[in-house]
Structures are given as structure tokens and as C-alpha cells.
Amino acid sequence: MKNEGRNIYSVFDEMLPKSAKENLLQQHAKVLWMTGLSGSGKTTIAKQLEKILHEKGYLTQLLDGDNIRAGINNNLGFSDADRIENIRRIAEISKLFLNCGIITINCFVSPTEEIRRQAKEIIGEENFIEVFINTPLSVCETRDVKGLYKKARAGEIKDFTGISAPFEAPISPEISVKTENKSVEESTEEIINYLIPLINYKA
Ligand code: ADP
């Protein structure tokens, strides 16, 4: 047979490298990993970020509960094992986008150091930007965008991060955004200022 003796490594060797895709798109790809409590502002900021980057000519992909938990991960719940599997799949998907040259913006509570460490390991330290959307629980609970805190306080949702499950604040995130008393635009700008020099294309 013609392809006999070919192993999987040679297939990867023949694939176009990330650098070729980045050259085509004229951008450097990174994964922005937004972590923070429910209601902290991850998705709101990510949407604004994506809009601004698009206007500036960057190709992005936003991953959040809407397109991940409702789709590829719809067989997973919130047990410890499922949370780990959820993040593993998200990280693997992010890596595919990354290797395609696309700036990937992820919005997931990802509540523990261990979970974020796992994601960073899969994606690769050099391409992983940890963004802490640093909003106090009291503010998130007052916002209660989806009414989830009320339900969690009433005991209707178990293992709810911040109420009945822990949230470990990142120890050394690349960016920490305090959203309290800030507009969405101001919060987004802090991330843009950090990000642009890293994604701006230099061959
Ligand atoms: P998460 O994705 O973290 O669960 P959401 O983005 O769904 O949070 O909700 C955050 C809520 O907080 C939105 O209603 C948003 O309008 C509000 N908000 C107020 N100030 C800010 C800010 N500076 N940055 C982001 N969101 C903010």
C-alpha cells in the first residue's frame, strides 16, 4: 500500500504550522482565558472585546457556556469529574483554534487553580493569557444577571461557585480587571491595551 509505514507523527509534520496561518491572517494567536464568578462580567467583556478586535481586523472566536455547555459538552454536569472534563475539552478545542491562528476568548468560571493549570498545560504556557475578571461576590450577587444566586441561596442549585462551591482567585494572572465602579468599555480597554502588542503581527 502507498501509505504503508507512515505514522501519525509524519502526518503532523506535514500539516501547515501555526506560523503559516498567522502569516495569512496577519496576527499572532493567543488564548485569553477569562476566569471569575458567575456575573463577574466575563461574557459581557468578551463580547465587547471581540467587537473591538473585529473592527481592528483581528479574527477571533469566543467560547462560552452558550456554545460549549449547550453543544459539545451537553453530556456534562457540575460534579468535580465533569468540571475537569468540561475544561479539558474546552482547552483542546481552544488549541485547535490557536493552531489555526485565531485569537480565542474563553469565558468560563474555571473556579480552581488546578483546573486553570490543566487548561494552561494543554494550551501551552506561551499562548495562555489568564484574565481574572475580579468582581466581588457581593457585587455579582447584587447583579444576579441570571437569577442564579437567588436560586443557589435558596438551595435550589447545589455546588454553585461562590455560594456552595469554592472559587480560588488566580494567584498570578496576566491581567486582573476590577469591574466594580467601571464601565464595560473601561474594563475592556484594560485587556485591549495588554493584548494588542502580543497579537500585532511581526513576522
Ligand atoms: P459572566 O459571564 O461572568 O457570568 P455576565 O457578563 O453574564 O457575567 O454578566 C455581567 C453583568 O455585569 C452584566 O449585566 C454587565 O452589564 C454588568 N456589568 C456592570 N459593570 C460591568 C463591567 N465593568 N464589566 C463587565 N460587566 C459589567
# chains A, B, ... in the order shown; residues from 1 in each chain; ligands from 1
>>> residues_around(residues="Asn86 of chain A", least_positions_apart="6", cutoff="12 Å", atoms="only C-alpha atoms", output="PyMOL selection string")
chain A and resi 64-65+68-80+92-93+108-110+115-116+118-119
>>> select_by_dssp(residues="segment 62-147 of chain A", states="helix (DSSP H, G or I)", output="number ranges by chain")
A: 68-72, 80-99, 113-123, 125-127, 137-143
>>> closest_atom_pairs(of="chain A", to="ligand 1", cutoff="6 Å", atoms="only C-alpha atoms and all ligand atoms", output="CSV")
residue,atom,partner,partner_atom_place_in_ligand_line,distance
A:Leu37,CA,ligand 1,3 (O),5.8
A:Ser38,CA,ligand 1,4 (O),3.7
A:Gly39,CA,ligand 1,8 (O),3.4
A:Ser40,CA,ligand 1,3 (O),4.0
A:Gly41,CA,ligand 1,6 (O),3.5
A:Lys42,CA,ligand 1,3 (O),3.7
A:Thr43,CA,ligand 1,2 (O),3.7
A:Thr44,CA,ligand 1,6 (O),3.6
A:Ile45,CA,ligand 1,25 (C),5.2
A:Val145,CA,ligand 1,14 (O),5.5
A:Thr179,CA,ligand 1,23 (N),3.9
A:Lys182,CA,ligand 1,23 (N),4.4
A:Ser183,CA,ligand 1,23 (N),4.1
A:Val184,CA,ligand 1,23 (N),3.9
A:Ser187,CA,ligand 1,23 (N),5.2
>>> residues_around(residues="segment 126-128 of chain A", least_positions_apart="4", cutoff="9 Å", atoms="only C-alpha atoms", output="list in words")
Ala29, Lys30, Val31, Leu32, Trp33, Leu98, Ala119, Lys120 and Glu121 of chain A
>>> write_last_selection(atoms="N, CA and C atoms", output="PDB file, in the first residue's frame")
ATOM      1  N   ALA A  29      -1.734  34.466  17.299  1.00  0.00           N
ATOM      2  CA  ALA A  29      -2.848  33.856  18.027  1.00  0.00           C
ATOM      3  C   ALA A  29      -2.501  33.655  19.494  1.00  0.00           C
ATOM      4  N   LYS A  30      -3.491  33.885  20.344  1.00  0.00           N
ATOM      5  CA  LYS A  30      -3.366  33.658  21.785  1.00  0.00           C
ATOM      6  C   LYS A  30      -4.704  33.133  22.290  1.00  0.00           C
ATOM      7  N   VAL A  31      -4.677  32.526  23.466  1.00  0.00           N
ATOM      8  CA  VAL A  31      -5.932  32.176  24.129  1.00  0.00           C
ATOM      9  C   VAL A  31      -6.067  33.070  25.359  1.00  0.00           C
ATOM     10  N   LEU A  32      -7.147  33.844  25.387  1.00  0.00           N
ATOM     11  CA  LEU A  32      -7.461  34.654  26.571  1.00  0.00           C
ATOM     12  C   LEU A  32      -8.385  33.822  27.432  1.00  0.00           C
ATOM     13  N   TRP A  33      -7.948  33.503  28.628  1.00  0.00           N
ATOM     14  CA  TRP A  33      -8.758  32.643  29.483  1.00  0.00           C
ATOM     15  C   TRP A  33      -9.378  33.505  30.595  1.00  0.00           C
ATOM     16  N   LEU A  98      -6.269  27.959  18.213  1.00  0.00           N
ATOM     17  CA  LEU A  98      -4.955  28.600  18.363  1.00  0.00           C
ATOM     18  C   LEU A  98      -4.039  28.201  17.215  1.00  0.00           C
ATOM     19  N   ALA A 119      -5.742  23.605  32.023  1.00  0.00           N
ATOM     20  CA  ALA A 119      -6.011  24.283  30.747  1.00  0.00           C
ATOM     21  C   ALA A 119      -4.719  24.873  30.172  1.00  0.00           C
ATOM     22  N   LYS A 120      -3.943  25.493  31.048  1.00  0.00           N
ATOM     23  CA  LYS A 120      -2.691  26.127  30.626  1.00  0.00           C
ATOM     24  C   LYS A 120      -1.709  25.091  30.082  1.00  0.00           C
ATOM     25  N   GLU A 121      -1.704  23.931  30.723  1.00  0.00           N
ATOM     26  CA  GLU A 121      -0.797  22.861  30.299  1.00  0.00           C
ATOM     27  C   GLU A 121      -1.173  22.353  28.903  1.00  0.00           C
TER      28      GLU A 121
END
>>> closest_residue(among="A:Glu130, A:Glu125, A:Glu156, A:Glu189", to="Glu174 of chain A", atoms="only C-alpha atoms")
A:Glu130
>>> atom_distance(atom1="atom CA of Ile191 of chain A", atom2="atom CA of Glu114 of chain A")
23.7 Å
>>> select_by_dssp(residues="segment 41-104 of chain A", states="strand (DSSP E)", output="MDAnalysis selection string")
chainID A and resid 60:64 103:104
>>> atom_distance(atom1="atom CA of Pro197 of chain A", atom2="atom CA of Pro173 of chain A")
17.5 Å
>>> atom_distance(atom1="atom CA of Glu186 of chain A", atom2="atom CA of Pro170 of chain A")
21.4 Å
>>> closest_atom_pairs(of="segment 88-143 of chain A", to="segment 51-55 of chain A", cutoff="12 Å", atoms="only C-alpha atoms", output="JSON lines")
{"residue": "A:Ile102", "atom": "CA", "partner": "A:Leu53", "partner_atom": "CA", "distance": 11.5}
{"residue": "A:Ile103", "atom": "CA", "partner": "A:Leu53", "partner_atom": "CA", "distance": 9.4}
{"residue": "A:Thr104", "atom": "CA", "partner": "A:Leu53", "partner_atom": "CA", "distance": 11.2}
{"residue": "A:Ile105", "atom": "CA", "partner": "A:Leu53", "partner_atom": "CA", "distance": 11.0}
>>> write_last_selection(atoms="all heavy atoms", output="JSON list (two decimals), in the first residue's frame")
[["chain", "number", "residue", "atom", "x", "y", "z"],
["A", 102, "ILE", "N", -6.13, 31.71, 15.25],
["A", 102, "ILE", "CA", -7.28, 32.52, 15.68],
["A", 102, "ILE", "C", -7.16, 32.90, 17.17],
["A", 102, "ILE", "O", -6.81, 32.05, 18.01],
["A", 102, "ILE", "CB", -8.59, 31.74, 15.41],
["A", 102, "ILE", "CG1", -8.75, 31.54, 13.90],
["A", 102, "ILE", "CG2", -9.81, 32.43, 16.02],
["A", 102, "ILE", "CD1", -9.83, 30.56, 13.50],
["A", 103, "ILE", "N", -7.46, 34.15, 17.47],
["A", 103, "ILE", "CA", -7.44, 34.62, 18.86],
["A", 103, "ILE", "C", -8.71, 34.11, 19.55],
["A", 103, "ILE", "O", -9.82, 34.40, 19.10],
["A", 103, "ILE", "CB", -7.37, 36.16, 18.90],
["A", 103, "ILE", "CG1", -6.06, 36.64, 18.25],
["A", 103, "ILE", "CG2", -7.49, 36.70, 20.33],
["A", 103, "ILE", "CD1", -6.19, 37.94, 17.51],
["A", 104, "THR", "N", -8.52, 33.34, 20.58],
["A", 104, "THR", "CA", -9.65, 32.64, 21.21],
["A", 104, "THR", "C", -9.92, 33.24, 22.58],
["A", 104, "THR", "O", -9.00, 33.41, 23.38],
["A", 104, "THR", "CB", -9.33, 31.14, 21.30],
["A", 104, "THR", "OG1", -8.93, 30.70, 20.01],
["A", 104, "THR", "CG2", -10.53, 30.33, 21.74],
["A", 105, "ILE", "N", -11.18, 33.60, 22.81],
["A", 105, "ILE", "CA", -11.56, 34.26, 24.07],
["A", 105, "ILE", "C", -12.50, 33.32, 24.81],
["A", 105, "ILE", "O", -13.60, 33.02, 24.33],
["A", 105, "ILE", "CB", -12.27, 35.59, 23.78],
["A", 105, "ILE", "CG1", -11.43, 36.48, 22.84],
["A", 105, "ILE", "CG2", -12.58, 36.33, 25.09],
["A", 105, "ILE", "CD1", -12.18, 37.68, 22.27]]
>>> closest_residue(among="A:Tyr194, A:Leu62, A:Glu168, A:Gly155", to="Glu50 of chain A", atoms="only C-alpha atoms")
A:Leu62
>>> residues_around(residues="Ser164 of chain A", least_positions_apart="5", cutoff="8 Å", atoms="only C-alpha atoms", output="PyMOL selection string")
chain A and resi 152+158-159
